[in-house]
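Undergrad: I'm passing along target31.cif; it holds mmCIF, C-alpha atoms; chains and numbers go by the auth columns.
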data_coords
#
loop_
_atom_site.group_PDB
_atom_site.id
_atom_site.type_symbol
_atom_site.label_atom_id
_atom_site.label_comp_id
_atom_site.label_asym_id
_atom_site.label_seq_id
_atom_site.Cartn_x
_atom_site.Cartn_y
_atom_site.Cartn_z
_atom_site.B_iso_or_equiv
_atom_site.auth_seq_id
_atom_site.auth_asym_id
ATOM 1 C CA MET A 1 63.280 149.442 95.576 0.00 20 A
ATOM 2 C CA HIS A 2 59.766 149.859 97.006 0.00 21 A
ATOM 3 C CA PHE A 3 56.958 150.719 94.600 0.00 22 A
ATOM 4 C CA LEU A 4 54.149 150.861 97.173 0.00 23 A
ATOM 5 C CA SER A 5 53.560 153.350 99.973 0.00 24 A
ATOM 6 C CA ASP A 6 54.990 152.571 103.405 0.00 25 A
ATOM 7 C CA SER A 7 51.484 152.179 104.821 0.00 26 A
ATOM 8 C CA LEU A 8 50.503 149.633 102.157 0.00 27 A
ATOM 9 C CA GLU A 9 53.749 147.693 102.623 0.00 28 A
ATOM 10 C CA THR A 10 53.115 147.595 106.363 0.00 29 A
ATOM 11 C CA TYR A 11 49.553 146.363 105.817 0.00 30 A
ATOM 12 C CA ILE A 12 50.750 143.661 103.405 0.00 31 A
ATOM 13 C CA ALA A 13 53.389 142.456 105.866 0.00 32 A
ATOM 14 C CA GLN A 14 50.867 142.421 108.713 0.00 33 A
ATOM 15 C CA HIS A 15 48.498 140.253 106.682 0.00 34 A
ATOM 16 C CA SER A 16 51.111 137.793 105.445 0.00 35 A
ATOM 17 C CA GLN A 17 52.700 134.927 107.332 0.00 36 A
ATOM 18 C CA ASP A 18 54.995 136.145 110.119 0.00 37 A
ATOM 19 C CA GLU A 19 58.721 136.153 109.482 0.00 38 A
ATOM 20 C CA PRO A 20 60.374 133.211 111.288 0.00 39 A
ATOM 21 C CA GLU A 21 62.543 134.204 114.240 0.00 40 A
ATOM 22 C CA LEU A 22 65.667 132.636 112.694 0.00 41 A
ATOM 23 C CA LEU A 23 65.279 134.864 109.642 0.00 42 A
ATOM 24 C CA ARG A 24 64.821 137.937 111.841 0.00 43 A
ATOM 25 C CA GLU A 25 68.054 136.949 113.579 0.00 44 A
ATOM 26 C CA LEU A 26 69.821 136.534 110.226 0.00 45 A
ATOM 27 C CA THR A 27 68.568 139.957 109.133 0.00 46 A
ATOM 28 C CA ARG A 28 69.959 141.586 112.271 0.00 47 A
ATOM 29 C CA GLU A 29 73.342 139.891 111.890 0.00 48 A
ATOM 30 C CA THR A 30 73.552 140.765 108.198 0.00 49 A
ATOM 31 C CA HIS A 31 72.945 144.450 108.959 0.00 50 A
ATOM 32 C CA LEU A 32 75.557 144.403 111.690 0.00 51 A
ATOM 33 C CA LYS A 33 78.323 142.468 109.949 0.00 52 A
ATOM 34 C CA VAL A 34 77.900 142.376 106.162 0.00 53 A
ATOM 35 C CA LEU A 35 78.228 144.975 103.436 0.00 54 A
ATOM 36 C CA GLN A 36 75.161 145.930 101.364 0.00 55 A
ATOM 37 C CA PRO A 37 72.451 144.527 103.676 0.00 56 A
ATOM 38 C CA ARG A 38 69.817 145.904 101.271 0.00 57 A
ATOM 39 C CA MET A 39 70.571 142.784 99.195 0.00 58 A
ATOM 40 C CA LEU A 40 68.621 140.693 101.717 0.00 59 A
ATOM 41 C CA THR A 41 65.463 139.136 100.339 0.00 60 A
ATOM 42 C CA GLY A 42 63.363 140.416 103.246 0.00 61 A
ATOM 43 C CA HIS A 43 60.137 139.401 104.954 0.00 62 A
ATOM 44 C CA LEU A 44 57.508 139.718 102.210 0.00 63 A
ATOM 45 C CA GLN A 45 59.499 138.298 99.304 0.00 64 A
ATOM 46 C CA GLY A 46 60.831 135.622 101.605 0.00 65 A
ATOM 47 C CA ARG A 47 57.288 134.491 102.377 0.00 66 A
ATOM 48 C CA VAL A 48 56.494 134.512 98.649 0.00 67 A
ATOM 49 C CA LEU A 49 59.475 132.231 98.018 0.00 68 A
ATOM 50 C CA SER A 50 58.446 129.979 100.894 0.00 69 A
ATOM 51 C CA VAL A 51 54.855 129.566 99.724 0.00 70 A
ATOM 52 C CA LEU A 52 55.879 128.982 96.093 0.00 71 A
ATOM 53 C CA SER A 53 58.339 126.324 97.215 0.00 72 A
ATOM 54 C CA LYS A 54 55.693 124.642 99.365 0.00 73 A
ATOM 55 C CA ILE A 55 53.261 124.615 96.418 0.00 74 A
ATOM 56 C CA ILE A 56 55.882 123.064 94.110 0.00 75 A
ATOM 57 C CA ALA A 57 57.200 120.660 96.795 0.00 76 A
ATOM 58 C CA PRO A 58 60.571 120.324 95.010 0.00 77 A
ATOM 59 C CA ASN A 59 63.008 117.471 95.292 0.00 78 A
ATOM 60 C CA THR A 60 65.837 119.651 93.988 0.00 79 A
ATOM 61 C CA ILE A 61 66.247 123.424 94.206 0.00 80 A
ATOM 62 C CA LEU A 62 69.028 125.518 92.698 0.00 81 A
ATOM 63 C CA GLU A 63 69.751 129.024 93.948 0.00 82 A
ATOM 64 C CA ILE A 64 72.209 131.264 92.103 0.00 83 A
ATOM 65 C CA GLY A 65 73.295 133.991 94.508 0.00 84 A
ATOM 66 C CA THR A 66 73.299 133.021 98.199 0.00 85 A
ATOM 67 C CA TYR A 67 74.419 136.246 99.937 0.00 86 A
ATOM 68 C CA THR A 68 73.874 135.479 103.647 0.00 87 A
ATOM 69 C CA GLY A 69 71.382 132.664 103.052 0.00 88 A
ATOM 70 C CA TYR A 70 68.000 134.285 103.709 0.00 89 A
ATOM 71 C CA SER A 71 66.355 133.264 100.435 0.00 90 A
ATOM 72 C CA ALA A 72 67.854 129.769 100.607 0.00 91 A
ATOM 73 C CA LEU A 73 66.238 129.226 104.002 0.00 92 A
ATOM 74 C CA CYS A 74 62.893 130.421 102.645 0.00 93 A
ATOM 75 C CA LEU A 75 63.093 128.115 99.644 0.00 94 A
ATOM 76 C CA ALA A 76 64.172 125.185 101.809 0.00 95 A
ATOM 77 C CA GLU A 77 60.865 125.354 103.695 0.00 96 A
ATOM 78 C CA GLY A 78 59.174 123.619 100.747 0.00 97 A
ATOM 79 C CA LEU A 79 61.755 120.879 100.198 0.00 98 A
ATOM 80 C CA ARG A 80 60.615 117.286 100.336 0.00 99 A
ATOM 81 C CA ALA A 81 62.013 115.206 103.179 0.00 100 A
ATOM 82 C CA GLN A 82 64.872 113.797 101.100 0.00 101 A
ATOM 83 C CA GLY A 83 65.252 116.888 98.903 0.00 102 A
ATOM 84 C CA THR A 84 68.366 118.945 98.231 0.00 103 A
ATOM 85 C CA LEU A 85 68.985 122.650 97.756 0.00 104 A
ATOM 86 C CA HIS A 86 72.148 123.690 95.907 0.00 105 A
ATOM 87 C CA THR A 87 73.147 127.308 96.473 0.00 106 A
ATOM 88 C CA ILE A 88 75.973 129.099 94.674 0.00 107 A
ATOM 89 C CA ASP A 89 77.820 132.293 95.580 0.00 108 A
ATOM 90 C CA VAL A 90 81.112 133.853 94.495 0.00 109 A
ATOM 91 C CA ASN A 91 81.908 135.314 97.942 0.00 110 A
ATOM 92 C CA GLU A 92 83.736 132.683 99.984 0.00 111 A
ATOM 93 C CA GLU A 93 83.892 135.054 102.970 0.00 112 A
ATOM 94 C CA LEU A 94 80.168 134.506 103.591 0.00 113 A
ATOM 95 C CA TYR A 95 80.418 130.697 103.579 0.00 114 A
ATOM 96 C CA ALA A 96 80.748 130.255 107.361 0.00 115 A
ATOM 97 C CA LEU A 97 77.889 132.656 108.137 0.00 116 A
ATOM 98 C CA GLN A 98 75.627 130.880 105.671 0.00 117 A
ATOM 99 C CA ARG A 99 76.503 127.471 107.081 0.00 118 A
ATOM 100 C CA ARG A 100 75.884 128.529 110.675 0.00 119 A
ATOM 101 C CA PHE A 101 72.347 129.642 109.897 0.00 120 A
ATOM 102 C CA PHE A 102 71.674 126.691 107.602 0.00 121 A
ATOM 103 C CA ASN A 103 72.592 124.323 110.431 0.00 122 A
ATOM 104 C CA LYS A 104 70.430 126.208 112.916 0.00 123 A
ATOM 105 C CA SER A 105 67.438 125.950 110.581 0.00 124 A
ATOM 106 C CA GLY A 106 67.070 122.195 110.582 0.00 125 A
ATOM 107 C CA PHE A 107 67.727 122.102 106.819 0.00 126 A
ATOM 108 C CA GLY A 108 71.513 121.997 107.162 0.00 127 A
ATOM 109 C CA ASP A 109 71.880 118.446 105.869 0.00 128 A
ATOM 110 C CA GLN A 110 69.793 119.285 102.795 0.00 129 A
ATOM 111 C CA ILE A 111 71.602 122.468 101.751 0.00 130 A
ATOM 112 C CA VAL A 112 74.756 122.123 99.649 0.00 131 A
ATOM 113 C CA GLN A 113 76.952 125.219 99.316 0.00 132 A
ATOM 114 C CA HIS A 114 79.027 125.934 96.220 0.00 133 A
ATOM 115 C CA THR A 115 81.560 128.747 95.897 0.00 134 A
ATOM 116 C CA GLY A 116 82.454 130.106 92.460 0.00 135 A
ATOM 117 C CA ASN A 117 80.923 131.161 89.169 0.00 136 A
ATOM 118 C CA ALA A 118 77.519 129.576 88.583 0.00 137 A
ATOM 119 C CA LEU A 119 78.197 129.407 84.848 0.00 138 A
ATOM 120 C CA ASP A 120 81.023 126.980 85.628 0.00 139 A
ATOM 121 C CA ILE A 121 79.292 125.057 88.436 0.00 140 A
ATOM 122 C CA VAL A 122 75.770 124.461 87.111 0.00 141 A
ATOM 123 C CA PRO A 123 76.767 122.286 84.118 0.00 142 A
ATOM 124 C CA HIS A 124 78.317 119.784 86.538 0.00 143 A
ATOM 125 C CA LEU A 125 75.271 119.396 88.789 0.00 144 A
ATOM 126 C CA ASP A 126 73.568 116.021 88.433 0.00 145 A
ATOM 127 C CA GLY A 127 69.861 115.352 88.122 0.00 146 A
ATOM 128 C CA GLN A 128 66.779 117.366 87.232 0.00 147 A
ATOM 129 C CA LEU A 129 65.827 120.639 88.890 0.00 148 A
ATOM 130 C CA ASP A 130 62.317 121.430 90.095 0.00 149 A
ATOM 131 C CA LEU A 131 62.820 125.029 91.200 0.00 150 A
ATOM 132 C CA VAL A 132 65.494 127.618 90.362 0.00 151 A
ATOM 133 C CA PHE A 133 66.006 131.057 91.929 0.00 152 A
ATOM 134 C CA ILE A 134 68.289 133.453 90.032 0.00 153 A
ATOM 135 C CA ASP A 135 69.582 136.377 92.103 0.00 154 A
ATOM 136 C CA ALA A 136 73.228 137.021 91.267 0.00 155 A
ATOM 137 C CA GLU A 137 75.199 139.098 88.739 0.00 156 A
ATOM 138 C CA LYS A 138 72.545 140.849 86.639 0.00 157 A
ATOM 139 C CA ARG A 139 74.741 141.054 83.561 0.00 158 A
ATOM 140 C CA ASP A 140 74.866 137.237 83.485 0.00 159 A
ATOM 141 C CA TYR A 141 71.146 136.518 83.892 0.00 160 A
ATOM 142 C CA LYS A 142 70.702 135.313 80.320 0.00 161 A
ATOM 143 C CA GLY A 143 73.728 133.063 80.687 0.00 162 A
ATOM 144 C CA TYR A 144 72.371 131.613 83.919 0.00 163 A
ATOM 145 C CA LEU A 145 69.037 130.888 82.249 0.00 164 A
ATOM 146 C CA GLU A 146 70.693 129.122 79.348 0.00 165 A
ATOM 147 C CA VAL A 147 72.722 126.788 81.594 0.00 166 A
ATOM 148 C CA VAL A 148 69.832 125.937 83.951 0.00 167 A
ATOM 149 C CA LEU A 149 67.013 125.530 81.425 0.00 168 A
ATOM 150 C CA PRO A 150 68.154 122.132 80.065 0.00 169 A
ATOM 151 C CA LYS A 151 68.244 120.839 83.649 0.00 170 A
ATOM 152 C CA VAL A 152 64.751 121.969 84.724 0.00 171 A
ATOM 153 C CA ARG A 153 62.010 119.371 84.372 0.00 172 A
ATOM 154 C CA PRO A 154 58.847 120.171 82.387 0.00 173 A
ATOM 155 C CA GLY A 155 56.533 121.946 84.809 0.00 174 A
ATOM 156 C CA GLY A 156 59.460 123.196 86.838 0.00 175 A
ATOM 157 C CA VAL A 157 59.748 126.845 87.797 0.00 176 A
ATOM 158 C CA ILE A 158 62.495 129.440 87.329 0.00 177 A
ATOM 159 C CA LEU A 159 62.334 132.595 89.460 0.00 178 A
ATOM 160 C CA SER A 160 64.333 135.690 88.499 0.00 179 A
ATOM 161 C CA ASP A 161 64.877 138.476 91.041 0.00 180 A
ATOM 162 C CA ASN A 162 65.421 142.247 90.663 0.00 181 A
ATOM 163 C CA VAL A 163 63.933 142.347 87.184 0.00 182 A
ATOM 164 C CA LEU A 164 62.536 145.872 87.696 0.00 183 A
ATOM 165 C CA TRP A 165 65.968 147.096 88.816 0.00 184 A
ATOM 166 C CA SER A 166 64.809 149.994 91.006 0.00 185 A
ATOM 167 C CA GLY A 167 62.539 151.171 88.206 0.00 186 A
ATOM 168 C CA LYS A 168 65.417 151.707 85.783 0.00 187 A
ATOM 169 C CA VAL A 169 63.772 149.390 83.244 0.00 188 A
ATOM 170 C CA VAL A 170 61.220 152.121 82.412 0.00 189 A
ATOM 171 C CA GLU A 171 63.623 155.071 82.537 0.00 190 A
ATOM 172 C CA PRO A 172 65.777 156.442 79.675 0.00 191 A
ATOM 173 C CA LEU A 173 68.711 154.082 79.312 0.00 192 A
ATOM 174 C CA ASN A 174 72.185 155.332 80.128 0.00 193 A
ATOM 175 C CA LYS A 175 74.420 153.842 77.441 0.00 194 A
ATOM 176 C CA LYS A 176 77.063 153.073 80.088 0.00 195 A
ATOM 177 C CA ASP A 177 74.598 151.139 82.265 0.00 196 A
ATOM 178 C CA ARG A 178 75.291 147.605 81.150 0.00 197 A
ATOM 179 C CA ALA A 179 73.328 145.942 83.979 0.00 198 A
ATOM 180 C CA THR A 180 70.082 147.697 83.044 0.00 199 A
ATOM 181 C CA ARG A 181 70.626 147.014 79.352 0.00 200 A
ATOM 182 C CA GLU A 182 71.158 143.324 80.040 0.00 201 A
ATOM 183 C CA LEU A 183 68.061 143.147 82.267 0.00 202 A
ATOM 184 C CA LEU A 184 65.933 144.789 79.589 0.00 203 A
ATOM 185 C CA GLU A 185 67.116 142.167 77.102 0.00 204 A
ATOM 186 C CA TYR A 186 66.617 139.395 79.656 0.00 205 A
ATOM 187 C CA ASN A 187 63.027 140.441 80.370 0.00 206 A
ATOM 188 C CA ARG A 188 62.248 140.447 76.631 0.00 207 A
ATOM 189 C CA TYR A 189 63.959 137.073 76.269 0.00 208 A
ATOM 190 C CA LEU A 190 61.880 135.497 79.043 0.00 209 A
ATOM 191 C CA LYS A 191 58.600 136.726 77.578 0.00 210 A
ATOM 192 C CA SER A 192 59.362 135.487 74.072 0.00 211 A
ATOM 193 C CA HIS A 193 61.057 132.191 74.998 0.00 212 A
ATOM 194 C CA PRO A 194 59.125 129.306 73.393 0.00 213 A
ATOM 195 C CA LYS A 195 59.818 126.931 76.293 0.00 214 A
ATOM 196 C CA LEU A 196 58.570 129.263 79.055 0.00 215 A
ATOM 197 C CA ASP A 197 55.285 130.610 80.394 0.00 216 A
ATOM 198 C CA THR A 198 56.261 133.852 82.115 0.00 217 A
ATOM 199 C CA VAL A 199 54.694 136.460 84.380 0.00 218 A
ATOM 200 C CA LEU A 200 56.536 139.414 85.929 0.00 219 A
ATOM 201 C CA LEU A 201 55.289 140.191 89.437 0.00 220 A
ATOM 202 C CA PRO A 202 55.744 143.585 91.167 0.00 221 A
ATOM 203 C CA VAL A 203 57.086 141.959 94.324 0.00 222 A
ATOM 204 C CA ARG A 204 59.797 144.072 95.968 0.00 223 A
ATOM 205 C CA ASP A 205 62.231 144.904 93.109 0.00 224 A
ATOM 206 C CA GLY A 206 60.450 142.675 90.603 0.00 225 A
ATOM 207 C CA LEU A 207 60.190 138.869 90.605 0.00 226 A
ATOM 208 C CA THR A 208 59.571 136.934 87.393 0.00 227 A
ATOM 209 C CA LEU A 209 57.994 133.499 87.542 0.00 228 A
ATOM 210 C CA SER A 210 58.656 131.293 84.521 0.00 229 A
ATOM 211 C CA ARG A 211 57.186 127.816 84.110 0.00 230 A
ATOM 212 C CA VAL A 212 59.038 125.395 81.852 0.00 231 A
ATOM 213 C CA LYS A 213 56.755 123.817 79.244 0.00 232 A
#
What is this structure when it is put down as structure tokens?
TA:
Amino acid sequence: MHFLSDSLETYIAQHSQDEPELLRELTRETHLKVLQPRMLTGHLQGRVLSVLSKIIAPNTILEIGTYTGYSALCLAEGLRAQGTLHTIDVNEELYALQRRFFNKSGFGDQIVQHTGNALDIVPHLDGQLDLVFIDAEKRDYKGYLEVVLPKVRPGGVILSDNVLWSGKVVEPLNKKDRATRELLEYNRYLKSHPKLDTVLLPVRDGLTLSRVK
């Protein structure tokens, strides 16, 4: 979902850091070979993720929802030299594509892939998390938050994607639309959570930044 005019989006992209060639290559291959290429993070949001990661300089990143690996590669740009990025996806068919681009990036040894349900995998991850990016099944966002929050260090950051849900969050709710209903509840939950400082940013389809107190 794009909330700005095409001309403004073009201007913003032109005055942001250029998209790395490897990510342009991944975008092309995703559009050619993978279903639902609109799920890609894309140039502008990718640069936002990259800069945030570089500011935080995380030792450990967790991503829930890998898709073809675009956002993971952006987040990895801020990893410390000995840092690790764990990325989880339910689609095992994308594993080889992800790995090929991870290895080409120079971050291959730092990125650990997990296949399965994040709600089952996250509780078994060791150590503290510095940065979390949630971009998977929208109906499970609250569940993801609850399993990651105890593992995020004070001062750590949790990013939640697609929180504006193509604008559906401000439209009359269809009672059968469970995903929108869950996102509405999730957005309220983030704002009122006593352990989080939260701001919702109108980046692409909505990106919420929550700092753990």
Undergrad: Could you give me, as JSON lines, every segment 115-206 of chain A residue with an atom at most 9 Å from segment 71-91 of chain A, plus its closest atom pair and distance in Å to one decimal, counting only C-alpha atoms, rows ordered by chain then number?
TA:
{"residue": "A:Leu116", "atom": "CA", "partner": "A:Thr87", "partner_atom": "CA", "distance": 6.7}
{"residue": "A:Gln117", "atom": "CA", "partner": "A:Gly88", "partner_atom": "CA", "distance": 5.3}
{"residue": "A:Arg118", "atom": "CA", "partner": "A:Gly88", "partner_atom": "CA", "distance": 8.3}
{"residue": "A:Phe120", "atom": "CA", "partner": "A:Gly88", "partner_atom": "CA", "distance": 7.5}
{"residue": "A:Phe121", "atom": "CA", "partner": "A:Gly88", "partner_atom": "CA", "distance": 7.5}
{"residue": "A:Ile130", "atom": "CA", "partner": "A:Ala91", "partner_atom": "CA", "distance": 8.3}
{"residue": "A:Gln132", "atom": "CA", "partner": "A:Thr85", "partner_atom": "CA", "distance": 8.7}
{"residue": "A:Ala137", "atom": "CA", "partner": "A:Ile83", "partner_atom": "CA", "distance": 6.6}
{"residue": "A:Val141", "atom": "CA", "partner": "A:Leu81", "partner_atom": "CA", "distance": 8.8}
{"residue": "A:Gly146", "atom": "CA", "partner": "A:Thr79", "partner_atom": "CA", "distance": 8.3}
{"residue": "A:Gln147", "atom": "CA", "partner": "A:Thr79", "partner_atom": "CA", "distance": 7.2}
{"residue": "A:Leu148", "atom": "CA", "partner": "A:Thr79", "partner_atom": "CA", "distance": 5.2}
{"residue": "A:Asp149", "atom": "CA", "partner": "A:Pro77", "partner_atom": "CA", "distance": 5.3}
{"residue": "A:Leu150", "atom": "CA", "partner": "A:Ile80", "partner_atom": "CA", "distance": 4.8}
{"residue": "A:Val151", "atom": "CA", "partner": "A:Leu81", "partner_atom": "CA", "distance": 4.7}
{"residue": "A:Phe152", "atom": "CA", "partner": "A:Glu82", "partner_atom": "CA", "distance": 4.7}
{"residue": "A:Ile153", "atom": "CA", "partner": "A:Ile83", "partner_atom": "CA", "distance": 4.9}
{"residue": "A:Asp154", "atom": "CA", "partner": "A:Gly84", "partner_atom": "CA", "distance": 5.0}
{"residue": "A:Ala155", "atom": "CA", "partner": "A:Gly84", "partner_atom": "CA", "distance": 4.4}
{"residue": "A:Glu156", "atom": "CA", "partner": "A:Gly84", "partner_atom": "CA", "distance": 7.9}
{"residue": "A:Tyr163", "atom": "CA", "partner": "A:Ile83", "partner_atom": "CA", "distance": 8.2}
{"residue": "A:Val167", "atom": "CA", "partner": "A:Leu81", "partner_atom": "CA", "distance": 8.8}
{"residue": "A:Gly175", "atom": "CA", "partner": "A:Ile75", "partner_atom": "CA", "distance": 8.1}
{"residue": "A:Val176", "atom": "CA", "partner": "A:Ile75", "partner_atom": "CA", "distance": 8.3}
Undergrad: Tell me, as a list in words, which residues lie within 10 Å of Leu63 of chain A, counting only C-alpha atoms; anything in the same chain fewer than 5 positions away does not count.
TA: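 In the requested form, the answer reads Glu28, Thr29, Ile31, Ala32, Gln33, Ser35, Gln36, Asp37, Glu38, Leu68, Ser69, Val222 and Arg223 of chain A.
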Undergrad: Have a look at A:Thr199, A:Ser24, A:Asn122, A:Gln129 and name the one nearest to Arg99 of chain A; count only C-alpha atoms.
TA: A:Gln129
Undergrad: Evaluated on this file, the PyMOL selection byres ((chain A and resi 161) around 10) picks out some residues - which ones are they, written as a list in words?
TA: Lys157, Arg158, Asp159, Tyr160, Gly162, Tyr163, Leu164, Glu165, Val166, Glu201, Leu202, Glu204, Tyr205, Asn206, Tyr208 and Leu209 of chain A
Undergrad: Do you know which residues the PyMOL selection byres ((chain A and resi 56) around 12) returns on this file, as a ChimeraX atom specification?
TA: /A:45-55,57-61,86-89
Undergrad: Because some atoms of segment 159-181 of chain A are absent here, can you restore N, CA and C atoms and send them as a short mmCIF file (atom, residue, chain, number, x, y, z; two decimals), in the coordinates of the input?
TA:
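Output file rebuild.cif is given in full below:
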data_model
loop_
_atom_site.label_atom_id
_atom_site.label_comp_id
_atom_site.auth_asym_id
_atom_site.auth_seq_id
_atom_site.Cartn_x
_atom_site.Cartn_y
_atom_site.Cartn_z
N ASP A 159 74.76 138.63 83.92
CA ASP A 159 74.87 137.24 83.48
C ASP A 159 73.54 136.49 83.53
N TYR A 160 72.43 137.20 83.75
CA TYR A 160 71.15 136.52 83.89
C TYR A 160 70.82 135.62 82.70
N LYS A 161 71.02 136.12 81.49
CA LYS A 161 70.70 135.31 80.32
C LYS A 161 71.57 134.06 80.27
N GLY A 162 72.84 134.21 80.64
CA GLY A 162 73.73 133.06 80.69
C GLY A 162 73.29 132.04 81.72
N TYR A 163 72.87 132.53 82.89
CA TYR A 163 72.37 131.61 83.92
C TYR A 163 71.17 130.84 83.40
N LEU A 164 70.24 131.55 82.76
CA LEU A 164 69.04 130.89 82.25
C LEU A 164 69.42 129.79 81.26
N GLU A 165 70.35 130.08 80.39
CA GLU A 165 70.69 129.12 79.35
C GLU A 165 71.36 127.86 79.91
N VAL A 166 72.10 127.99 81.03
CA VAL A 166 72.72 126.79 81.59
C VAL A 166 71.76 126.00 82.48
N VAL A 167 70.75 126.68 83.07
CA VAL A 167 69.83 125.94 83.95
C VAL A 167 68.67 125.32 83.18
N LEU A 168 68.23 125.97 82.10
CA LEU A 168 67.01 125.53 81.42
C LEU A 168 67.04 124.06 81.00
N PRO A 169 68.15 123.55 80.44
CA PRO A 169 68.15 122.13 80.06
C PRO A 169 68.03 121.18 81.26
N LYS A 170 68.27 121.69 82.46
CA LYS A 170 68.24 120.84 83.65
C LYS A 170 66.91 120.90 84.41
N VAL A 171 66.03 121.82 84.02
CA VAL A 171 64.75 121.97 84.72
C VAL A 171 63.70 121.06 84.08
N ARG A 172 63.02 120.30 84.89
CA ARG A 172 62.01 119.37 84.37
C ARG A 172 60.82 120.14 83.79
N PRO A 173 60.09 119.56 82.86
CA PRO A 173 58.85 120.17 82.39
C PRO A 173 57.90 120.40 83.57
N GLY A 174 57.36 121.59 83.66
CA GLY A 174 56.53 121.95 84.81
C GLY A 174 57.31 122.58 85.93
N GLY A 175 58.62 122.55 85.83
CA GLY A 175 59.46 123.20 86.84
C GLY A 175 59.39 124.71 86.70
N VAL A 176 59.88 125.39 87.72
CA VAL A 176 59.75 126.84 87.80
C VAL A 176 61.11 127.51 87.96
N ILE A 177 61.30 128.61 87.21
CA ILE A 177 62.50 129.44 87.33
C ILE A 177 62.06 130.82 87.80
N LEU A 178 62.62 131.27 88.91
CA LEU A 178 62.33 132.60 89.46
C LEU A 178 63.53 133.51 89.21
N SER A 179 63.26 134.72 88.76
CA SER A 179 64.33 135.69 88.50
C SER A 179 64.07 136.94 89.33
N ASP A 180 65.05 137.35 90.12
CA ASP A 180 64.88 138.48 91.04
C ASP A 180 65.42 139.78 90.46
N ASN A 181 64.94 140.89 91.00
CA ASN A 181 65.42 142.25 90.66
C ASN A 181 65.20 142.62 89.21
#
